[in-house]
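A.B. asks: Dropping in data-v4.txt, which is compact mmCIF, N, CA and C atoms:
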```txt
# COMPACT_ATOMS: atom_id res chain seq x y z
N MET A 1 0.85 -1.18 0.00
CA MET A 1 0.00 0.00 0.00
C MET A 1 0.89 1.24 0.00
N LEU A 2 0.57 2.19 -0.84
CA LEU A 2 1.35 3.42 -0.88
C LEU A 2 1.10 4.24 0.39
N LYS A 3 2.08 4.98 0.77
CA LYS A 3 2.00 5.82 1.96
C LYS A 3 1.53 7.23 1.61
N VAL A 4 0.90 7.88 2.57
CA VAL A 4 0.53 9.28 2.41
C VAL A 4 1.80 10.07 2.13
N GLY A 5 1.74 10.96 1.14
CA GLY A 5 2.89 11.77 0.74
C GLY A 5 3.61 11.22 -0.48
N ALA A 6 3.32 9.97 -0.86
CA ALA A 6 3.96 9.38 -2.05
C ALA A 6 3.39 10.02 -3.32
N ASP A 7 4.19 10.04 -4.35
CA ASP A 7 3.71 10.48 -5.66
C ASP A 7 2.70 9.47 -6.19
N ALA A 8 1.64 9.97 -6.81
CA ALA A 8 0.62 9.09 -7.38
C ALA A 8 1.12 8.52 -8.71
N PRO A 9 1.15 7.21 -8.84
CA PRO A 9 1.53 6.62 -10.13
C PRO A 9 0.53 7.00 -11.23
N VAL A 10 1.04 7.25 -12.41
CA VAL A 10 0.21 7.64 -13.55
C VAL A 10 -0.15 6.38 -14.33
N PHE A 11 -1.36 6.36 -14.88
CA PHE A 11 -1.77 5.23 -15.70
C PHE A 11 -2.80 5.70 -16.73
N ALA A 12 -2.97 4.90 -17.75
CA ALA A 12 -4.03 5.08 -18.74
C ALA A 12 -4.71 3.72 -18.89
N ALA A 13 -6.04 3.72 -18.99
CA ALA A 13 -6.77 2.46 -19.06
C ALA A 13 -8.14 2.67 -19.70
N THR A 14 -8.78 1.57 -19.99
CA THR A 14 -10.15 1.56 -20.49
C THR A 14 -11.10 1.60 -19.30
N SER A 15 -12.25 2.24 -19.49
CA SER A 15 -13.24 2.29 -18.42
C SER A 15 -14.65 2.24 -19.00
N THR A 16 -15.60 2.22 -18.11
CA THR A 16 -17.01 2.23 -18.51
C THR A 16 -17.42 3.55 -19.15
N LYS A 17 -16.60 4.57 -19.03
CA LYS A 17 -16.86 5.88 -19.63
C LYS A 17 -15.86 6.20 -20.73
N GLY A 18 -15.17 5.18 -21.25
CA GLY A 18 -14.17 5.39 -22.28
C GLY A 18 -12.77 5.41 -21.70
N PRO A 19 -11.78 5.82 -22.52
CA PRO A 19 -10.40 5.85 -22.04
C PRO A 19 -10.22 6.84 -20.88
N VAL A 20 -9.41 6.45 -19.93
CA VAL A 20 -9.06 7.31 -18.80
C VAL A 20 -7.55 7.41 -18.74
N ASP A 21 -7.05 8.64 -18.72
CA ASP A 21 -5.62 8.88 -18.52
C ASP A 21 -5.49 9.75 -17.28
N LEU A 22 -4.89 9.23 -16.24
CA LEU A 22 -4.80 9.96 -14.98
C LEU A 22 -4.12 11.32 -15.16
N LYS A 23 -3.23 11.43 -16.14
CA LYS A 23 -2.55 12.71 -16.39
C LYS A 23 -3.54 13.84 -16.67
N ASP A 24 -4.72 13.50 -17.19
CA ASP A 24 -5.73 14.52 -17.49
C ASP A 24 -6.33 15.13 -16.23
N TYR A 25 -6.15 14.49 -15.10
CA TYR A 25 -6.76 14.94 -13.84
C TYR A 25 -5.73 15.40 -12.81
N LEU A 26 -4.53 14.82 -12.86
CA LEU A 26 -3.50 15.16 -11.88
C LEU A 26 -3.17 16.64 -11.92
N GLY A 27 -3.14 17.25 -10.75
CA GLY A 27 -2.82 18.66 -10.64
C GLY A 27 -3.99 19.58 -10.90
N LYS A 28 -5.12 19.03 -11.34
CA LYS A 28 -6.30 19.85 -11.66
C LYS A 28 -7.45 19.61 -10.70
N GLN A 29 -7.62 18.36 -10.28
CA GLN A 29 -8.70 17.99 -9.37
C GLN A 29 -8.16 16.99 -8.35
N ASN A 30 -8.87 16.86 -7.24
CA ASN A 30 -8.59 15.76 -6.33
C ASN A 30 -9.11 14.50 -7.00
N ILE A 31 -8.51 13.37 -6.68
CA ILE A 31 -8.88 12.10 -7.30
C ILE A 31 -9.08 11.07 -6.19
N VAL A 32 -10.22 10.40 -6.22
CA VAL A 32 -10.46 9.26 -5.33
C VAL A 32 -10.34 8.00 -6.17
N LEU A 33 -9.43 7.13 -5.79
CA LEU A 33 -9.28 5.83 -6.44
C LEU A 33 -9.78 4.77 -5.48
N ILE A 34 -10.79 4.03 -5.92
CA ILE A 34 -11.35 2.97 -5.09
C ILE A 34 -10.97 1.64 -5.72
N PHE A 35 -10.04 0.95 -5.10
CA PHE A 35 -9.68 -0.40 -5.53
C PHE A 35 -10.63 -1.34 -4.79
N TYR A 36 -11.47 -2.04 -5.55
CA TYR A 36 -12.47 -2.91 -4.94
C TYR A 36 -12.34 -4.31 -5.54
N PRO A 37 -12.66 -5.34 -4.75
CA PRO A 37 -12.41 -6.71 -5.19
C PRO A 37 -13.19 -7.17 -6.42
N GLY A 38 -14.50 -6.93 -6.47
CA GLY A 38 -15.26 -7.51 -7.57
C GLY A 38 -16.50 -6.73 -7.95
N ASP A 39 -16.81 -6.76 -9.23
CA ASP A 39 -18.04 -6.13 -9.72
C ASP A 39 -19.23 -6.97 -9.28
N ASP A 40 -20.29 -6.26 -8.89
CA ASP A 40 -21.56 -6.91 -8.60
C ASP A 40 -21.50 -7.86 -7.41
N THR A 41 -20.65 -7.54 -6.44
CA THR A 41 -20.61 -8.30 -5.20
C THR A 41 -21.21 -7.42 -4.10
N PRO A 42 -21.72 -8.00 -3.02
CA PRO A 42 -22.49 -7.22 -2.05
C PRO A 42 -21.77 -6.01 -1.44
N VAL A 43 -20.57 -6.21 -0.90
CA VAL A 43 -19.87 -5.10 -0.24
C VAL A 43 -19.41 -4.06 -1.26
N CYS A 44 -18.94 -4.53 -2.41
CA CYS A 44 -18.49 -3.61 -3.46
C CYS A 44 -19.66 -2.76 -3.96
N THR A 45 -20.80 -3.40 -4.15
CA THR A 45 -22.00 -2.67 -4.59
C THR A 45 -22.37 -1.62 -3.55
N LYS A 46 -22.37 -2.00 -2.28
CA LYS A 46 -22.70 -1.06 -1.20
C LYS A 46 -21.72 0.12 -1.19
N GLN A 47 -20.43 -0.18 -1.33
CA GLN A 47 -19.41 0.87 -1.30
C GLN A 47 -19.59 1.84 -2.46
N LEU A 48 -19.73 1.32 -3.67
CA LEU A 48 -19.85 2.19 -4.84
C LEU A 48 -21.19 2.92 -4.88
N CYS A 49 -22.25 2.29 -4.38
CA CYS A 49 -23.55 2.99 -4.32
C CYS A 49 -23.49 4.15 -3.31
N ALA A 50 -22.75 3.98 -2.23
CA ALA A 50 -22.60 5.09 -1.27
C ALA A 50 -21.89 6.26 -1.93
N VAL A 51 -20.89 5.98 -2.76
CA VAL A 51 -20.20 7.04 -3.50
C VAL A 51 -21.18 7.70 -4.46
N GLN A 52 -21.94 6.88 -5.19
CA GLN A 52 -22.92 7.43 -6.13
C GLN A 52 -23.94 8.31 -5.42
N ASP A 53 -24.41 7.88 -4.27
CA ASP A 53 -25.41 8.64 -3.51
C ASP A 53 -24.88 9.99 -3.07
N ASN A 54 -23.57 10.13 -2.95
CA ASN A 54 -22.94 11.37 -2.50
C ASN A 54 -22.15 12.05 -3.61
N TYR A 55 -22.38 11.65 -4.84
CA TYR A 55 -21.53 12.13 -5.93
C TYR A 55 -21.62 13.63 -6.16
N ALA A 56 -22.78 14.22 -5.95
CA ALA A 56 -22.90 15.68 -6.12
C ALA A 56 -21.97 16.40 -5.14
N SER A 57 -21.91 15.94 -3.91
CA SER A 57 -21.01 16.55 -2.92
C SER A 57 -19.55 16.34 -3.29
N ILE A 58 -19.24 15.18 -3.85
CA ILE A 58 -17.88 14.89 -4.27
C ILE A 58 -17.48 15.82 -5.41
N GLU A 59 -18.36 15.99 -6.39
CA GLU A 59 -18.08 16.90 -7.50
C GLU A 59 -17.92 18.33 -7.01
N GLN A 60 -18.74 18.75 -6.05
CA GLN A 60 -18.64 20.10 -5.50
C GLN A 60 -17.29 20.32 -4.81
N ALA A 61 -16.68 19.25 -4.36
CA ALA A 61 -15.36 19.32 -3.72
C ALA A 61 -14.23 19.24 -4.76
N ASP A 62 -14.57 19.48 -6.03
CA ASP A 62 -13.60 19.46 -7.13
C ASP A 62 -12.82 18.16 -7.16
N THR A 63 -13.58 17.06 -7.11
CA THR A 63 -12.99 15.74 -7.00
C THR A 63 -13.64 14.79 -8.01
N VAL A 64 -12.83 13.92 -8.59
CA VAL A 64 -13.32 12.86 -9.46
C VAL A 64 -13.08 11.52 -8.77
N VAL A 65 -13.87 10.53 -9.16
CA VAL A 65 -13.79 9.20 -8.58
C VAL A 65 -13.58 8.18 -9.69
N PHE A 66 -12.73 7.20 -9.41
CA PHE A 66 -12.55 6.07 -10.30
C PHE A 66 -12.57 4.79 -9.48
N GLY A 67 -13.36 3.81 -9.90
CA GLY A 67 -13.31 2.48 -9.32
C GLY A 67 -12.35 1.65 -10.16
N VAL A 68 -11.56 0.80 -9.52
CA VAL A 68 -10.54 0.03 -10.24
C VAL A 68 -10.55 -1.43 -9.78
N ASN A 69 -10.62 -2.35 -10.76
CA ASN A 69 -10.35 -3.76 -10.52
C ASN A 69 -10.10 -4.44 -11.86
N PRO A 70 -9.65 -5.69 -11.85
CA PRO A 70 -9.27 -6.33 -13.11
C PRO A 70 -10.42 -6.94 -13.90
N GLY A 71 -11.66 -6.77 -13.45
CA GLY A 71 -12.80 -7.38 -14.13
C GLY A 71 -12.95 -6.94 -15.58
N GLU A 72 -13.73 -7.70 -16.33
CA GLU A 72 -13.95 -7.44 -17.75
C GLU A 72 -14.85 -6.24 -17.96
N LEU A 73 -14.63 -5.52 -19.06
CA LEU A 73 -15.39 -4.31 -19.36
C LEU A 73 -16.88 -4.60 -19.49
N ASP A 74 -17.27 -5.67 -20.14
CA ASP A 74 -18.70 -5.96 -20.31
C ASP A 74 -19.41 -6.10 -18.97
N LYS A 75 -18.79 -6.80 -18.04
CA LYS A 75 -19.39 -6.98 -16.71
C LYS A 75 -19.43 -5.64 -15.96
N LYS A 76 -18.37 -4.87 -16.08
CA LYS A 76 -18.33 -3.55 -15.45
C LYS A 76 -19.42 -2.64 -16.01
N GLN A 77 -19.57 -2.68 -17.33
CA GLN A 77 -20.57 -1.82 -17.98
C GLN A 77 -21.96 -2.17 -17.47
N SER A 78 -22.28 -3.43 -17.40
CA SER A 78 -23.58 -3.88 -16.91
C SER A 78 -23.79 -3.47 -15.45
N PHE A 79 -22.76 -3.66 -14.64
CA PHE A 79 -22.79 -3.29 -13.22
C PHE A 79 -23.01 -1.78 -13.07
N ALA A 80 -22.25 -0.99 -13.80
CA ALA A 80 -22.36 0.48 -13.72
C ALA A 80 -23.73 0.97 -14.18
N GLU A 81 -24.24 0.40 -15.24
CA GLU A 81 -25.56 0.81 -15.74
C GLU A 81 -26.67 0.43 -14.78
N ARG A 82 -26.59 -0.76 -14.20
CA ARG A 82 -27.62 -1.22 -13.27
C ARG A 82 -27.77 -0.27 -12.08
N PHE A 83 -26.65 0.26 -11.60
CA PHE A 83 -26.69 1.12 -10.41
C PHE A 83 -26.54 2.61 -10.74
N GLY A 84 -26.40 2.95 -12.01
CA GLY A 84 -26.34 4.35 -12.42
C GLY A 84 -25.09 5.09 -11.97
N TYR A 85 -23.96 4.38 -11.91
CA TYR A 85 -22.73 5.04 -11.49
C TYR A 85 -22.34 6.11 -12.50
N ARG A 86 -22.15 7.32 -12.01
CA ARG A 86 -21.75 8.44 -12.87
C ARG A 86 -20.24 8.53 -13.03
N PHE A 87 -19.51 7.76 -12.27
CA PHE A 87 -18.05 7.76 -12.31
C PHE A 87 -17.58 6.50 -13.04
N PRO A 88 -16.41 6.55 -13.67
CA PRO A 88 -15.90 5.41 -14.43
C PRO A 88 -15.42 4.27 -13.54
N LEU A 89 -15.66 3.06 -14.03
CA LEU A 89 -15.07 1.86 -13.45
C LEU A 89 -13.98 1.42 -14.42
N ILE A 90 -12.76 1.40 -13.93
CA ILE A 90 -11.58 1.15 -14.76
C ILE A 90 -11.24 -0.33 -14.81
N VAL A 91 -10.90 -0.78 -16.01
CA VAL A 91 -10.45 -2.16 -16.23
C VAL A 91 -8.93 -2.20 -16.05
N ASP A 92 -8.49 -2.96 -15.08
CA ASP A 92 -7.05 -3.15 -14.83
C ASP A 92 -6.70 -4.60 -15.20
N ALA A 93 -6.90 -4.92 -16.47
CA ALA A 93 -6.78 -6.31 -16.95
C ALA A 93 -5.43 -6.95 -16.62
N ASP A 94 -4.36 -6.22 -16.79
CA ASP A 94 -3.03 -6.79 -16.51
C ASP A 94 -2.58 -6.54 -15.07
N GLU A 95 -3.44 -5.90 -14.30
CA GLU A 95 -3.21 -5.60 -12.88
C GLU A 95 -2.01 -4.70 -12.64
N SER A 96 -1.63 -3.94 -13.64
CA SER A 96 -0.49 -3.02 -13.49
C SER A 96 -0.85 -1.83 -12.61
N ILE A 97 -2.10 -1.40 -12.64
CA ILE A 97 -2.51 -0.27 -11.78
C ILE A 97 -2.50 -0.74 -10.32
N ARG A 98 -3.09 -1.89 -10.06
CA ARG A 98 -3.09 -2.47 -8.72
C ARG A 98 -1.66 -2.58 -8.20
N SER A 99 -0.79 -3.09 -9.02
CA SER A 99 0.60 -3.27 -8.62
C SER A 99 1.28 -1.94 -8.34
N ALA A 100 1.07 -0.94 -9.22
CA ALA A 100 1.70 0.37 -9.03
C ALA A 100 1.25 1.04 -7.74
N TYR A 101 0.02 0.77 -7.33
CA TYR A 101 -0.52 1.36 -6.11
C TYR A 101 -0.35 0.48 -4.88
N GLY A 102 0.38 -0.63 -5.03
CA GLY A 102 0.67 -1.49 -3.88
C GLY A 102 -0.56 -2.16 -3.30
N VAL A 103 -1.54 -2.45 -4.13
CA VAL A 103 -2.76 -3.12 -3.68
C VAL A 103 -2.52 -4.62 -3.77
N GLY A 104 -2.61 -5.29 -2.65
CA GLY A 104 -2.34 -6.72 -2.61
C GLY A 104 -3.51 -7.57 -3.07
N LYS A 105 -3.32 -8.86 -2.98
CA LYS A 105 -4.34 -9.83 -3.35
C LYS A 105 -4.86 -10.53 -2.10
N ILE A 106 -6.11 -11.00 -2.18
CA ILE A 106 -6.74 -11.70 -1.06
C ILE A 106 -7.46 -12.95 -1.58
N LEU A 107 -7.95 -13.75 -0.67
CA LEU A 107 -8.72 -14.96 -0.98
C LEU A 107 -8.02 -15.84 -2.02
N GLY A 108 -6.87 -16.32 -1.63
CA GLY A 108 -6.14 -17.21 -2.53
C GLY A 108 -5.66 -16.53 -3.79
N LEU A 109 -5.38 -15.26 -3.68
CA LEU A 109 -4.89 -14.45 -4.79
C LEU A 109 -5.92 -14.26 -5.90
N PHE A 110 -7.20 -14.51 -5.60
CA PHE A 110 -8.25 -14.38 -6.61
C PHE A 110 -8.76 -12.94 -6.72
N PHE A 111 -8.87 -12.24 -5.60
CA PHE A 111 -9.38 -10.86 -5.58
C PHE A 111 -8.29 -9.91 -5.10
N GLN A 112 -8.41 -8.65 -5.49
CA GLN A 112 -7.51 -7.63 -4.95
C GLN A 112 -8.10 -7.08 -3.65
N GLN A 113 -7.23 -6.45 -2.86
CA GLN A 113 -7.66 -5.82 -1.61
C GLN A 113 -8.59 -4.64 -1.90
N ARG A 114 -9.33 -4.27 -0.87
CA ARG A 114 -10.18 -3.08 -0.93
C ARG A 114 -9.38 -1.93 -0.29
N ILE A 115 -8.96 -0.98 -1.10
CA ILE A 115 -8.19 0.16 -0.62
C ILE A 115 -8.70 1.42 -1.30
N VAL A 116 -8.80 2.49 -0.53
CA VAL A 116 -9.21 3.79 -1.07
C VAL A 116 -8.06 4.77 -0.92
N TYR A 117 -7.73 5.42 -2.03
CA TYR A 117 -6.72 6.48 -2.03
C TYR A 117 -7.39 7.78 -2.43
N ILE A 118 -6.88 8.87 -1.85
CA ILE A 118 -7.23 10.21 -2.34
C ILE A 118 -5.92 10.85 -2.77
N ILE A 119 -5.91 11.34 -3.99
CA ILE A 119 -4.76 12.04 -4.55
C ILE A 119 -5.10 13.52 -4.57
N GLY A 120 -4.25 14.33 -3.95
CA GLY A 120 -4.48 15.76 -3.92
C GLY A 120 -4.05 16.45 -5.21
N LYS A 121 -4.37 17.71 -5.30
CA LYS A 121 -4.01 18.48 -6.48
C LYS A 121 -2.50 18.65 -6.62
N ASP A 122 -1.77 18.33 -5.55
CA ASP A 122 -0.30 18.37 -5.61
C ASP A 122 0.28 17.07 -6.16
N ARG A 123 -0.61 16.15 -6.61
CA ARG A 123 -0.23 14.87 -7.22
C ARG A 123 0.29 13.86 -6.22
N LYS A 124 0.08 14.12 -4.95
CA LYS A 124 0.56 13.23 -3.88
C LYS A 124 -0.62 12.51 -3.23
N ILE A 125 -0.35 11.33 -2.72
CA ILE A 125 -1.35 10.59 -1.96
C ILE A 125 -1.60 11.34 -0.67
N MET A 126 -2.84 11.76 -0.43
CA MET A 126 -3.14 12.47 0.82
C MET A 126 -3.99 11.62 1.76
N TYR A 127 -4.38 10.45 1.29
CA TYR A 127 -5.21 9.55 2.11
C TYR A 127 -5.05 8.15 1.54
N ALA A 128 -4.87 7.17 2.42
CA ALA A 128 -4.77 5.78 2.01
C ALA A 128 -5.34 4.93 3.13
N LYS A 129 -6.37 4.15 2.80
CA LYS A 129 -7.00 3.35 3.85
C LYS A 129 -7.56 2.06 3.27
N LYS A 130 -7.28 0.97 3.95
CA LYS A 130 -7.87 -0.31 3.59
C LYS A 130 -9.31 -0.34 4.07
N GLY A 131 -10.14 -1.09 3.36
CA GLY A 131 -11.51 -1.26 3.79
C GLY A 131 -12.47 -0.34 3.05
N ASN A 132 -13.58 -0.07 3.70
CA ASN A 132 -14.68 0.69 3.11
C ASN A 132 -14.99 1.91 3.98
N PRO A 133 -14.15 2.94 3.92
CA PRO A 133 -14.41 4.12 4.76
C PRO A 133 -15.68 4.83 4.29
N PRO A 134 -16.39 5.46 5.22
CA PRO A 134 -17.59 6.19 4.83
C PRO A 134 -17.24 7.37 3.91
N VAL A 135 -18.16 7.69 3.01
CA VAL A 135 -17.93 8.81 2.09
C VAL A 135 -17.74 10.10 2.87
N SER A 136 -18.40 10.25 4.00
CA SER A 136 -18.24 11.46 4.81
C SER A 136 -16.79 11.63 5.25
N GLU A 137 -16.10 10.55 5.52
CA GLU A 137 -14.68 10.61 5.89
C GLU A 137 -13.85 11.10 4.70
N LEU A 138 -14.14 10.59 3.52
CA LEU A 138 -13.41 11.03 2.32
C LEU A 138 -13.63 12.52 2.08
N LEU A 139 -14.87 12.96 2.18
CA LEU A 139 -15.18 14.38 1.97
C LEU A 139 -14.50 15.25 3.01
N SER A 140 -14.43 14.77 4.24
CA SER A 140 -13.77 15.52 5.31
C SER A 140 -12.28 15.68 5.02
N VAL A 141 -11.64 14.61 4.56
CA VAL A 141 -10.22 14.67 4.22
C VAL A 141 -10.00 15.67 3.09
N ILE A 142 -10.83 15.59 2.07
CA ILE A 142 -10.70 16.51 0.92
C ILE A 142 -10.88 17.95 1.38
N ALA A 143 -11.87 18.19 2.21
CA ALA A 143 -12.17 19.56 2.67
C ALA A 143 -11.03 20.15 3.51
N THR A 144 -10.39 19.32 4.32
CA THR A 144 -9.35 19.83 5.21
C THR A 144 -7.98 19.95 4.54
N ARG A 145 -7.81 19.28 3.41
CA ARG A 145 -6.49 19.29 2.77
C ARG A 145 -6.46 19.94 1.40
N SER A 146 -7.58 20.44 0.95
CA SER A 146 -7.59 21.06 -0.38
C SER A 146 -7.16 22.50 -0.32
```
Would it be possible to restate this file's structure as structure tokens?

C.D. replies:
Amino acid sequence: MLKVGADAPVFAATSTKGPVDLKDYLGKQNIVLIFYPGDDTPVCTKQLCAVQDNYASIEQADTVVFGVNPGELDKKQSFAERFGYRFPLIVDADESIRSAYGVGKILGLFFQQRIVYIIGKDRKIMYAKKGNPPVSELLSVIATRS
């Protein structure tokens, strides 16, 4: 897991909203990266729906959100459409993004860990936490460090 203060690794990938290049956002907006184990699983759905439910507040905080896991684009697209996610779900097919961000594997190396990062406008990691932190905590971090 990357430490607070580390430089955010740059990546480009396919997503449910088309190509995503992190360089387009670094230094311009805060970025929330949610590494989640699986599409359409109970805890992941709950976590991403909580983000969706608070997305207007996240946007008002000049912040973008990306969900990341190695799942297939078709499954991600169906998952995102079913729940109306306004933020992209990124396909990390070769797991290079997971690796660059120090996200480990769990359950017999089948799933990746659940980790949330916030990248500040200074391009540095300003928050790193395993698990499913409440969106209010993420917004609080963004508000106090922006």

A.B. asks: Which one of A:Cys44, A:Val68, A:Cys49, A:Ile58 sits closest to Ser96 (chain A) if you count only C-alpha atoms?

C.D. replies: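 Going through A:Cys44, A:Val68, A:Cys49, A:Ile58 one by one, the smallest distance to Ser96 (chain A) is for A:Val68.
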
A.B. asks: Quick one, how far is CA of Ile115 (chain A) from CA of Ala50 (chain A)?

C.D. replies: 15.2 Å

A.B. asks: For Asn30 (chain A), list every protein, DNA or RNA residue within 7 Å, evaluated using all atoms listed in the file, and leave out those in the same chain fewer than 6 positions away; present the list as a ChimeraX atom specification.

C.D. replies: /A:61-65,118-121

A.B. asks: Taking only region 14-121 of chain A into account, list the residues labelled alpha helix (DSSP H) by DSSP (computed from the backbone), as a PyMOL selection string.

C.D. replies: chain A and resi 42-53+55-60+73-83+96-100

A.B. asks: From a DSSP pass on the backbone, collect the residues of region 64-134 of chain A flagged as strand (DSSP E or B) and hand them back as a VMD selection string.

C.D. replies: chain A and resid 64 to 69 89 to 91 105 to 106 111 to 112 115 to 119 124 to 130

A.B. asks: CA of Val10 (chain A) and CA of Ser136 (chain A) are how many Å apart?

C.D. replies: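 So the answer is 26.3 Å.
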
A.B. asks: Show which residues sit within 10 Å of region 131-134 of chain A, as a list in words. Count only C-alpha atoms, and ignore same-chain residues fewer than 3 positions away.

C.D. replies: Ile34, Phe35, Tyr36, Val43, Cys44, Lys46, Gln47, Leu48, Ala50, Val51, Gln113, Arg114, Ile115, Val116, Ala128, Glu137, Leu138 and Leu139 of chain A

A.B. asks: Find the distance between atom N of Pro70 (chain A) and atom N of Gly5 (chain A) and write it in Å to one decimal.

C.D. replies: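 According to the coordinates, atom N of Pro70 (chain A) and atom N of Gly5 (chain A) are separated by 24.0 Å.
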
A.B. asks: Give me the residues near Lys3 (chain A) as a ChimeraX atom specification, where near means some atom within 9 Å (using only C-alpha atoms) and where sequence neighbours in that chain fewer than 5 positions away do not count.

C.D. replies: /A:125-128

A.B. asks: Using N, CA and C atoms, can you export the residues from the last selection as a PDB file, in the frame of the given file?

C.D. replies:
```pdb
ATOM      1  N   ILE A 125      -0.350  11.330  -2.720  1.00  0.00           N
ATOM      2  CA  ILE A 125      -1.350  10.590  -1.960  1.00  0.00           C
ATOM      3  C   ILE A 125      -1.600  11.340  -0.670  1.00  0.00           C
ATOM      4  N   MET A 126      -2.840  11.760  -0.430  1.00  0.00           N
ATOM      5  CA  MET A 126      -3.140  12.470   0.820  1.00  0.00           C
ATOM      6  C   MET A 126      -3.990  11.620   1.760  1.00  0.00           C
ATOM      7  N   TYR A 127      -4.380  10.450   1.290  1.00  0.00           N
ATOM      8  CA  TYR A 127      -5.210   9.550   2.110  1.00  0.00           C
ATOM      9  C   TYR A 127      -5.050   8.150   1.540  1.00  0.00           C
ATOM     10  N   ALA A 128      -4.870   7.170   2.420  1.00  0.00           N
ATOM     11  CA  ALA A 128      -4.770   5.780   2.010  1.00  0.00           C
ATOM     12  C   ALA A 128      -5.340   4.930   3.130  1.00  0.00           C
TER      13      ALA A 128
END
```

A.B. asks: Go through A:Gln52, A:Thr14, A:Ser140, A:Gln29 one by one, measure the shortest atom-to-atom distance of each to Phe83 (chain A) using only N, CA and C atoms, and give the residue with the smallest value.

C.D. replies: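 Answer, going by the shortest atom-to-atom distance: A:Gln52.
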
A.B. asks: Env of Ala12 (chain A): 5 Å cut, atoms = all atoms listed in the file, seq-sep filter 3 positions within chain, self excluded. Answer as a list of chain:residue names.

C.D. replies: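 So, after excluding close chain neighbours, the residues are A:Val20, A:Asp21, A:Leu22.
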
A.B. asks: Closest to Val4 (chain A) among A:Val135, A:Lys75, A:Tyr117, A:Asp94, using only C-alpha atoms?

C.D. replies: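 So, comparing all the options, the nearest one is A:Tyr117.
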
A.B. asks: Under the rule that only C-alpha atoms are counted, which of A:Arg98, A:Thr16, A:Lys129, A:Thr41 is the nearest residue to Val141 (chain A)?

C.D. replies: A:Lys129

A.B. asks: Would you mind telling me which residue in A:Ile142, A:Leu73, A:Asp122, A:Ala6 lies nearest to Gly27 (chain A) when using all atoms listed in the file?

C.D. replies: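 Answer, going by the shortest atom-to-atom distance: A:Asp122.
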